[in-house]
Structure formats: C-alpha cells, structure tokens
file my_file-v1.txt (compact mmCIF, C-alpha atoms)
# COMPACT_ATOMS: atom_id res chain seq x y z
CA MET R 29 103.17 71.35 85.43
CA SER R 30 105.37 69.84 88.10
CA LEU R 31 105.97 71.48 91.45
CA ASN R 32 109.41 71.42 92.98
CA LEU R 33 109.94 71.87 96.68
CA GLU R 34 113.07 73.92 97.20
CA PRO R 35 113.20 74.62 100.95
CA VAL R 36 116.55 76.37 100.69
CA GLN R 37 115.66 78.68 97.84
CA THR R 38 116.06 81.84 99.96
CA ARG R 39 119.33 80.79 101.54
CA LEU R 40 122.17 83.17 100.78
CA GLY R 41 124.93 80.73 101.71
CA PRO R 42 125.58 77.48 103.52
CA THR R 43 123.95 77.01 106.91
CA THR R 44 125.94 76.77 110.11
CA SER R 45 126.07 73.66 112.26
CA TYR R 46 124.08 75.63 114.87
CA ALA R 47 121.30 76.46 112.39
CA ASP R 48 121.22 72.84 111.20
CA ALA R 49 120.94 71.47 114.76
CA PHE R 50 118.33 74.08 115.68
CA GLY R 51 116.26 73.26 112.57
CA ASP R 52 116.55 69.52 113.12
CA GLU R 53 115.35 69.87 116.71
CA LEU R 54 112.42 72.09 115.68
CA GLU R 55 111.38 69.49 113.09
CA ALA R 56 111.53 66.76 115.74
CA ILE R 57 109.47 68.86 118.18
CA TYR R 58 106.83 69.64 115.55
CA GLY R 59 106.82 65.97 114.57
CA ARG R 60 105.87 65.06 118.14
CA GLY R 61 102.83 67.31 117.78
CA VAL R 62 104.12 70.27 119.78
CA HIS R 63 103.09 73.42 117.94
CA ASP R 64 102.39 76.07 120.57
CA LEU R 65 105.09 78.59 121.47
CA PRO R 66 105.36 77.70 125.19
CA GLY R 67 105.54 74.01 124.32
CA VAL R 68 108.26 74.51 121.71
CA VAL R 69 110.27 76.64 124.15
CA ALA R 70 109.99 73.98 126.86
CA ALA R 71 110.92 71.19 124.43
CA LEU R 72 114.00 73.07 123.18
CA ASN R 73 115.17 73.61 126.75
CA GLU R 74 114.60 69.94 127.59
CA ALA R 75 116.51 68.84 124.49
CA GLY R 76 119.54 70.91 125.41
CA VAL R 77 119.67 72.88 122.17
CA ARG R 78 120.59 76.36 123.36
CA PRO R 79 120.65 79.80 121.79
CA ALA R 80 124.02 81.07 120.64
CA ASP R 81 124.65 82.69 124.04
CA GLY R 82 124.05 79.39 125.88
CA SER R 83 121.09 80.60 127.92
CA ASP R 84 117.69 78.93 128.24
CA TRP R 85 115.12 79.62 125.57
CA THR R 86 112.28 82.03 126.28
CA GLU R 87 109.38 82.93 124.03
CA GLN R 88 111.17 86.19 123.21
CA THR R 89 114.52 84.58 122.37
CA LEU R 90 112.87 81.91 120.22
CA THR R 91 110.80 84.37 118.19
CA GLY R 92 113.83 86.61 117.82
CA GLU R 93 116.02 83.73 116.64
CA LEU R 94 113.39 82.57 114.15
CA ALA R 95 113.15 86.13 112.78
CA HIS R 96 116.94 86.39 112.61
CA LEU R 97 117.43 83.05 110.86
CA GLY R 98 114.56 83.76 108.48
CA ALA R 99 115.73 87.24 107.51
CA LYS R 100 117.22 87.76 104.11
CA GLU R 101 119.62 90.39 103.01
CA ILE R 102 118.28 92.89 100.52

call {"tool": "encode", "arguments": {"input": "my_file-v1.txt", "output": "structure tokens"}}
result
Amino acid sequence: MSLNLEPVQTRLGPTTSYADAFGDELEAIYGRGVHDLPGVVAALNEAGVRPADGSDWTEQTLTGELAHLGAKEI
C-alpha cells in the first residue's frame, strides 16, 4: 500500500496570495527551529508578513488566523 501526501486535500478552492505568503513564511520560521507561539509571533513581525488588517501579530491574532484559515465549510 502506498501513502500519498495530499496537503491540500481539505482545500475548498484556490488559496489567496496572502494565504500562500503567510504559509511560506510559517514554513520558513518552523524550518529555523522556531516552534513556540511567542517566537513565531515575533518572527512574523520581524519578517514583515502582516495580518489582513496590517497590524502587528499577537498571539491572539495568530491563533485566530490559523483557526480561520484551517476552518472548512460544512
């Protein structure tokens, strides 16, 4: 039995350029070994990738955005 990795299997449509940039930056941050919430928030702010409203990231806005982007319609 072969296993297939399909990371977009829950996607309901094409991603936005914002979601792509946000995901790319998260992958880069995790790749540098930053895995704690405060560290990820700080790294996102340093990188200049901002939430949709243009403000700085906080732990609350990051967890909210992750929940929003990970939600699927039922």

call {"tool": "closest_residue", "arguments": {"input": "my_file-v1.txt", "among": "R:Val62, R:Val69, R:Leu97, R:Thr91", "to": "R:Asp48", "atoms": "all atoms listed in the file"}}
result
R:Leu97

call {"tool": "atom_distance", "arguments": {"input": "my_file-v1.txt", "atom1": "atom CA of R:Leu65", "atom2": "atom CA of R:Arg78"}}
result
15.8 Å

call {"tool": "atom_distance", "arguments": {"input": "my_file-v1.txt", "atom1": "atom CA of R:Arg60", "atom2": "atom CA of R:His96"}}
result
24.7 Å

call {"tool": "atom_distance", "arguments": {"input": "my_file-v1.txt", "atom1": "atom CA of R:Leu90", "atom2": "atom CA of R:Thr44"}}
result
17.3 Å

call {"tool": "closest_residue", "arguments": {"input": "my_file-v1.txt", "among": "R:Gly41, R:Gly51, R:Leu72, R:Gly67", "to": "R:Asp84", "atoms": "only C-alpha atoms"}}
result
R:Leu72

call {"tool": "closest_residue", "arguments": {"input": "my_file-v1.txt", "among": "R:Thr43, R:Glu87, R:Glu55, R:Gly61", "to": "R:Asn73", "atoms": "all atoms listed in the file"}}
result
R:Glu87
